[in-house]
file entry-v6.txt (compact mmCIF, C-alpha atoms)
# COMPACT_ATOMS: atom_id res chain seq x y z
CA MET H 1 57.43 38.72 26.92
CA PHE H 2 53.91 39.62 28.04
CA LEU H 3 50.63 37.88 27.25
CA VAL H 4 47.71 40.10 26.22
CA THR H 5 44.22 38.65 25.90
CA GLY H 6 41.52 40.45 23.92
CA ILE H 7 44.12 42.13 21.70
CA THR H 8 41.61 42.63 18.86
CA GLY H 9 39.34 44.64 21.18
CA ASN H 10 39.62 48.16 22.59
CA VAL H 11 41.19 47.45 25.98
CA GLY H 12 43.48 44.64 24.85
CA GLY H 13 44.53 46.70 21.84
CA ALA H 14 45.28 49.75 24.01
CA THR H 15 47.31 47.59 26.37
CA ALA H 16 49.31 46.12 23.50
CA THR H 17 49.94 49.57 22.01
CA HIS H 18 51.35 50.90 25.29
CA LEU H 19 53.53 47.83 25.89
CA LEU H 20 54.90 47.91 22.34
CA ALA H 21 55.69 51.59 22.78
CA GLN H 22 57.87 50.53 25.74
CA GLY H 23 59.71 48.10 23.49
CA LYS H 24 58.19 45.00 25.11
CA LYS H 25 57.71 41.70 23.31
CA LEU H 26 54.13 40.48 23.22
CA ARG H 27 52.16 37.31 22.82
CA ALA H 28 48.42 37.21 22.17
CA LEU H 29 45.83 34.47 22.49
CA VAL H 30 43.60 34.77 19.41
CA ARG H 31 40.70 32.90 17.92
CA ASP H 32 40.93 34.53 14.48
CA ARG H 33 44.40 35.21 13.10
CA ALA H 34 43.01 37.37 10.30
CA LYS H 35 41.60 39.86 12.81
CA ALA H 36 45.00 40.04 14.51
CA ALA H 37 47.04 40.50 11.32
CA ARG H 38 48.06 44.09 12.14
CA TRP H 39 49.56 42.90 15.41
CA VAL H 40 51.67 40.28 13.64
CA ASP H 41 53.09 43.11 11.52
CA GLN H 42 54.21 44.72 14.80
CA GLY H 43 55.98 41.59 15.98
CA VAL H 44 53.31 40.12 18.24
CA GLU H 45 53.46 36.33 18.60
CA LEU H 46 50.06 34.69 18.17
CA ILE H 47 48.84 31.62 20.02
CA ASP H 48 45.77 29.95 18.52
CA GLY H 49 42.90 29.43 20.95
CA ASP H 50 40.56 31.36 23.19
CA TRP H 51 39.39 31.67 26.78
CA ASN H 52 37.21 28.57 26.41
CA ASP H 53 40.32 26.39 26.09
CA ALA H 54 42.35 25.95 29.29
CA THR H 55 45.12 24.13 27.41
CA ALA H 56 45.53 27.02 24.96
CA ILE H 57 45.59 29.54 27.83
CA GLU H 58 48.27 27.48 29.59
CA ARG H 59 50.32 27.34 26.39
CA ALA H 60 50.03 31.12 26.00
CA LEU H 61 51.16 31.67 29.62
CA GLU H 62 54.28 29.55 29.44
CA GLY H 63 57.44 31.59 29.93
CA VAL H 64 55.84 35.05 30.04
CA ASP H 65 56.95 37.82 32.41
CA GLY H 66 53.38 38.92 33.01
CA ALA H 67 49.86 38.54 31.68
CA PHE H 68 46.80 40.71 31.07
CA ILE H 69 43.59 38.75 31.54
CA MET H 70 40.03 39.79 30.74
CA LEU H 71 36.59 38.27 30.26
CA PRO H 72 34.60 38.54 27.04
CA ALA H 73 31.74 41.02 27.35
CA VAL H 74 28.39 39.20 27.44
CA TRP H 75 25.45 41.61 27.38
CA ALA H 76 22.86 38.86 27.72
CA PRO H 77 24.39 36.32 30.12
CA SER H 78 22.64 33.21 31.36
CA PRO H 79 20.86 33.62 34.71
CA ASP H 80 23.61 31.59 36.43
CA PHE H 81 26.43 33.36 34.53
CA ARG H 82 27.71 30.01 33.31
CA GLU H 83 29.56 31.68 30.43
CA ALA H 84 31.75 33.68 32.80
CA LYS H 85 32.11 30.81 35.26
CA GLY H 86 33.38 28.54 32.48
CA VAL H 87 36.02 31.03 31.35
CA ILE H 88 37.08 31.73 34.94
CA ALA H 89 37.50 28.00 35.59
CA ASN H 90 39.69 27.71 32.50
CA TYR H 91 41.82 30.64 33.65
CA VAL H 92 42.24 29.18 37.14
CA GLU H 93 43.27 25.79 35.72
CA ALA H 94 45.82 27.38 33.38
CA LEU H 95 47.15 29.86 35.95
CA THR H 96 47.62 27.06 38.47
CA LYS H 97 49.70 25.04 36.00
CA ALA H 98 51.63 27.95 34.45
CA PRO H 99 51.52 30.90 36.88
CA PRO H 100 53.16 34.07 35.50
CA PRO H 101 55.33 36.25 37.77
CA ARG H 102 52.51 38.81 37.82
CA MET H 103 49.07 39.29 36.32
CA VAL H 104 46.66 42.15 35.72
CA ALA H 105 42.94 41.37 35.41
CA LEU H 106 40.39 43.78 33.96
CA SER H 107 37.55 44.24 36.41
CA SER H 108 34.95 46.97 36.99
CA MET H 109 33.85 49.44 39.60
CA GLY H 110 31.31 47.66 41.74
CA ALA H 111 33.04 44.27 41.52
CA ASN H 112 33.47 44.41 45.29
CA ARG H 113 29.70 43.81 45.48
CA THR H 114 28.23 40.34 45.12
CA SER H 115 24.68 41.26 44.10
CA GLY H 116 22.69 43.91 42.25
CA LEU H 117 25.28 44.32 39.49
CA GLY H 118 23.60 42.88 36.42
CA MET H 119 26.13 41.94 33.77
CA ILE H 120 29.01 43.22 35.96
CA THR H 121 28.34 40.18 38.18
CA ALA H 122 30.73 38.33 35.85
CA LEU H 123 33.63 40.50 37.04
CA SER H 124 32.70 40.06 40.69
CA LEU H 125 32.84 36.32 40.00
CA LEU H 126 36.23 36.78 38.34
CA GLU H 127 37.71 38.42 41.42
CA GLN H 128 36.17 35.77 43.66
CA GLY H 129 37.44 32.99 41.40
CA PHE H 130 41.03 34.26 41.55
CA ARG H 131 40.96 34.86 45.31
CA ASP H 132 42.86 31.66 46.17
CA LEU H 133 45.57 32.07 43.53
CA THR H 134 48.90 32.90 45.17
CA LEU H 135 50.53 34.79 42.29
CA PRO H 136 50.69 38.61 42.37
CA ILE H 137 47.45 39.94 40.84
CA ALA H 138 46.28 43.52 40.25
CA TYR H 139 42.58 43.97 39.56
CA VAL H 140 41.88 47.11 37.55
CA ARG H 141 38.35 48.18 38.43
CA ALA H 142 37.58 50.51 35.56
CA GLY H 143 34.70 52.96 35.32
CA GLY H 144 32.27 53.14 32.41
CA PHE H 145 34.02 53.50 29.06
CA PHE H 146 33.83 56.81 27.20
CA GLU H 147 33.88 54.70 24.03
CA ASN H 148 30.37 53.51 24.91
CA PHE H 149 29.16 57.03 23.99
CA LEU H 150 30.59 56.96 20.46
CA TYR H 151 27.11 56.34 19.08
CA GLY H 152 26.61 60.02 19.84
CA LEU H 153 28.65 60.97 16.79
CA HIS H 154 25.80 59.53 14.70
CA VAL H 155 22.67 60.13 16.76
CA ALA H 156 23.34 63.55 18.28
CA GLN H 157 23.10 65.54 15.05
CA GLY H 158 19.90 67.09 16.36
CA GLY H 159 21.61 68.23 19.55
CA THR H 160 20.45 65.44 21.88
CA LEU H 161 22.51 62.58 23.34
CA PRO H 162 20.25 59.83 24.74
CA VAL H 163 21.82 58.21 27.82
CA TYR H 164 20.90 55.75 30.56
CA TYR H 165 22.43 57.86 33.33
CA ASN H 166 19.75 59.54 35.43
CA PRO H 167 19.96 62.28 36.57
CA THR H 168 22.24 63.41 33.79
CA ASN H 169 24.11 65.83 36.05
CA ARG H 170 25.07 63.11 38.55
CA LYS H 171 28.74 62.20 38.27
CA SER H 172 29.93 58.60 38.09
CA THR H 173 33.24 56.96 37.33
CA MET H 174 34.19 56.99 33.65
CA VAL H 175 37.41 56.29 31.77
CA ALA H 176 38.88 55.97 28.28
CA THR H 177 40.14 52.56 27.16
CA ASN H 178 43.45 54.23 26.31
CA ASP H 179 43.91 55.02 30.00
CA ILE H 180 43.09 51.44 30.94
CA GLY H 181 45.74 50.19 28.53
CA ALA H 182 48.27 52.65 29.93
CA GLU H 183 47.59 51.55 33.52
CA VAL H 184 47.78 47.85 32.66
CA ALA H 185 51.07 48.40 30.85
CA ARG H 186 52.41 50.35 33.83
CA LEU H 187 51.50 47.55 36.21
CA LEU H 188 52.95 44.82 34.02
CA SER H 189 56.26 46.55 33.34
CA GLY H 190 56.68 48.50 36.58
CA PRO H 191 57.90 47.53 40.06
CA ALA H 192 56.98 44.06 41.28
CA TRP H 193 54.44 43.57 44.08
CA SER H 194 53.23 40.69 46.20
CA GLY H 195 49.71 39.53 46.91
CA HIS H 196 46.53 40.95 45.42
CA ARG H 197 45.83 44.64 44.94
CA VAL H 198 42.90 46.62 43.53
CA ILE H 199 43.21 49.77 41.42
CA GLU H 200 40.08 51.87 40.87
CA LEU H 201 40.56 53.62 37.54
CA GLY H 202 38.68 56.64 36.24
CA SER H 203 37.41 60.11 37.02
CA MET H 204 34.05 61.47 38.15
CA VAL H 205 32.17 62.70 35.07
CA SER H 206 28.49 63.35 34.37
CA ALA H 207 26.50 62.55 31.25
CA ASP H 208 25.93 66.30 30.87
CA GLU H 209 29.71 66.83 30.68
CA VAL H 210 30.09 64.03 28.15
CA ALA H 211 27.36 65.58 25.98
CA ALA H 212 28.98 69.01 26.19
CA GLN H 213 32.34 67.60 25.10
CA LEU H 214 30.66 65.74 22.24
CA GLY H 215 29.12 69.04 21.21
CA GLU H 216 32.52 70.72 21.17
CA VAL H 217 33.79 68.11 18.73
CA MET H 218 30.66 68.21 16.58
CA LYS H 219 30.44 72.02 16.84
CA LEU H 220 26.87 71.72 18.08
CA ASP H 221 25.07 72.44 21.32
CA VAL H 222 24.50 68.88 22.56
CA LYS H 223 22.46 68.08 25.67
CA ALA H 224 22.17 64.74 27.45
CA PHE H 225 18.69 63.24 27.59
CA ALA H 226 17.87 60.49 30.10
CA VAL H 227 16.00 57.72 28.30
CA PRO H 228 12.84 56.99 30.36
CA ARG H 229 13.21 53.80 32.40
CA ALA H 230 10.22 52.16 30.73
CA GLU H 231 11.91 52.51 27.34
CA TRP H 232 15.16 50.80 28.30
CA PRO H 233 14.25 47.25 27.19
CA ALA H 234 13.29 48.36 23.68
CA ALA H 235 16.37 50.57 23.42
CA PHE H 236 18.71 47.74 24.46
CA GLU H 237 17.03 45.43 21.98
CA GLN H 238 17.96 47.92 19.26
CA PHE H 239 21.59 47.48 20.33
CA GLY H 240 21.28 43.78 19.59
CA ILE H 241 20.35 42.30 22.97
CA PRO H 242 17.66 39.62 22.44
CA LYS H 243 14.12 40.43 23.55
CA GLY H 244 13.52 39.33 27.11
CA GLN H 245 17.24 39.25 27.94
CA THR H 246 17.89 42.93 28.62
CA GLY H 247 17.61 42.58 32.41
CA PRO H 248 21.37 42.31 33.18
CA ALA H 249 22.11 45.48 31.20
CA GLU H 250 19.23 47.31 32.85
CA THR H 251 20.36 46.27 36.32
CA MET H 252 23.90 47.44 35.59
CA PHE H 253 22.74 50.98 34.77
CA GLU H 254 20.39 51.00 37.74
CA ALA H 255 23.36 50.10 39.96
CA VAL H 256 25.36 53.01 38.55
CA ASN H 257 22.48 55.47 38.90
CA SER H 258 21.82 54.45 42.50
CA GLY H 259 25.47 54.69 43.49
CA TRP H 260 25.63 50.94 44.22
CA MET H 261 28.49 50.67 41.69
CA ALA H 262 30.92 53.38 42.69
CA LEU H 263 34.44 54.17 43.87
CA GLY H 264 35.63 53.76 47.41
CA GLY H 265 36.09 50.04 47.87
CA LYS H 266 37.96 49.13 51.04
CA GLY H 267 41.73 48.86 50.64
CA THR H 268 41.81 50.07 47.05
CA GLU H 269 44.16 52.36 45.17
CA HIS H 270 42.80 55.08 42.92
CA VAL H 271 44.18 56.30 39.58
CA ALA H 272 42.45 59.15 37.75
CA GLY H 273 42.05 59.08 33.99
CA THR H 274 43.91 61.57 31.81
CA THR H 275 42.04 61.03 28.52
CA SER H 276 38.79 63.00 28.27
CA ALA H 277 35.56 62.12 26.50
CA ARG H 278 36.41 64.95 24.12
CA ASP H 279 39.71 63.20 23.25
CA VAL H 280 37.86 59.96 22.53
CA PHE H 281 35.28 61.65 20.29
CA GLU H 282 38.00 63.62 18.47
CA ALA H 283 40.08 60.50 17.83
CA ALA H 284 37.08 58.57 16.53
CA ARG H 285 36.04 61.38 14.22
CA ASN H 286 39.60 61.76 12.87
CA ALA H 287 39.85 58.01 12.31
CA ALA H 288 36.60 58.06 10.34
CA LYS H 289 37.98 60.80 8.10
CA ALA H 290 41.29 59.01 7.47
call {"tool": "encode", "arguments": {"input": "entry-v6.txt", "output": "structure tokens"}}
result
Amino acid sequence: MFLVTGITGNVGGATATHLLAQGKKLRALVRDRAKAARWVDQGVELIDGDWNDATAIERALEGVDGAFIMLPAVWAPSPDFREAKGVIANYVEALTKAPPPRMVALSSMGANRTSGLGMITALSLLEQGFRDLTLPIAYVRAGGFFENFLYGLHVAQGGTLPVYYNPTNRKSTMVATNDIGAEVARLLSGPAWSGHRVIELGSMVSADEVAAQLGEVMKLDVKAFAVPRAEWPAAFEQFGIPKGQTGPAETMFEAVNSGWMALGGKGTEHVAGTTSARDVFEAARNAAKA
């Protein structure tokens, strides 16, 4: 039995799919049973609660062979990151009382840094918060998600994909959530390990390459266009981030563009992705047609 958090999201869902394909039994911590109904149909046991409830997390951990842990994405965190700190404290309390034989935590490239990360600071805090736990932990430092470009299927009809990567031909670490789920499942069900380990997950891809692969799916000539820096706040507000709170998202992209968030952390393992941006766009388009 394995615990999967965030099962109604992309990464948690991908992890659950890969574990179920291996014939594993799963448990999920969920806040809304209705959203998780399709997982119940596949035999997943649901535990009511969320990451803001240490008692619920402890209950979900009891008796499992391994656990996948992640933080909720907060695009407009408080200046002191109290949202992440609260969840991390709950995890530490629960993991201390009911430690699983092994655990995989979703992190991010750049989490080895302690400053200049913007919203990724939450994942640096996660790794720091788990540092004193003695159970075997694997931190999966994933690159930027290809799924974050899916807006291109709607906005690139004119042949332009607006991006926040500048220059657009500079390569940075990117990965599909399917590959994250596959790696987490491999770690949870594979050979045991001791201590803490870090896996950097993804391949070096440029925004230009992502745009070209989007164009192949859309049968258009699509070019990446770097949104001018001065226009970032307004653009992020259009994505739903409140006015005046876009700083953490801006800093995150600045860290990627400057190379501050990158591969090559000391003592890390590296796993390349096998799912391309093209695969992600194709799957999304096919799902929309179904």
call {"tool": "closest_residue", "arguments": {"input": "entry-v6.txt", "among": "H:Gly259, H:Gly49, H:Pro233, H:Gly244", "to": "Arg33 (chain H)", "atoms": "all atoms listed in the file"}}
result
H:Gly49
call {"tool": "closest_residue", "arguments": {"input": "entry-v6.txt", "among": "H:Arg102, H:Lys223, H:Arg278, H:Lys171", "to": "Gly195 (chain H)", "atoms": "only C-alpha atoms"}}
result
H:Arg102
call {"tool": "residues_near_point", "arguments": {"input": "entry-v6.txt", "point": "(28.8, 38.1, 30.5)", "cutoff": "12 Å", "atoms": "only C-alpha atoms", "output": "MDAnalysis selection string"}}
result
chainID H and resid 70:88 117:126 245 248:249 252
call {"tool": "closest_residue", "arguments": {"input": "entry-v6.txt", "among": "H:Val155, H:Met261, H:Ala234, H:Val271", "to": "Val222 (chain H)", "atoms": "all atoms listed in the file"}}
result
H:Val155
call {"tool": "atom_distance", "arguments": {"input": "entry-v6.txt", "atom1": "CA of Leu153 (chain H)", "atom2": "CA of Ile7 (chain H)"}}
result
24.9 Å
call {"tool": "closest_residue", "arguments": {"input": "entry-v6.txt", "among": "H:Lys243, H:Lys289, H:Arg141, H:Arg229", "to": "Glu183 (chain H)", "atoms": "all atoms listed in the file"}}
result
H:Arg141
call {"tool": "closest_residue", "arguments": {"input": "entry-v6.txt", "among": "H:Asn286, H:Thr177, H:Asn257, H:Thr274", "to": "Gly143 (chain H)", "atoms": "only C-alpha atoms"}}
result
H:Thr177
call {"tool": "residues_near_point", "arguments": {"input": "entry-v6.txt", "point": "(25.4, 63.5, 33.7)", "cutoff": "12 Å", "atoms": "all atoms listed in the file", "output": "ChimeraX atom specification"}}
result
/H:161-174,204-213,223-226,256-257
call {"tool": "residues_around", "arguments": {"input": "entry-v6.txt", "residues": "Val217 (chain H)", "least_positions_apart": "2", "cutoff": "8 Å", "atoms": "all atoms listed in the file", "output": "PyMOL selection string"}}
result
chain H and resi 213-215+219-220+278+281-282
call {"tool": "residues_around", "arguments": {"input": "entry-v6.txt", "residues": "Asp48 (chain H)", "least_positions_apart": "2", "cutoff": "8 Å", "atoms": "all atoms listed in the file", "output": "list in words"}}
result
Leu29, Val30, Arg31, Asp32, Arg33, Leu46, Asp50 and Ala56 of chain H
call {"tool": "atom_distance", "arguments": {"input": "entry-v6.txt", "atom1": "CA of Glu45 (chain H)", "atom2": "CA of Phe2 (chain H)"}}
result
10.0 Å
call {"tool": "closest_residue", "arguments": {"input": "entry-v6.txt", "among": "H:Leu187, H:Ala230, H:Thr17, H:Leu150", "to": "Arg285 (chain H)", "atoms": "all atoms listed in the file"}}
result
H:Leu150
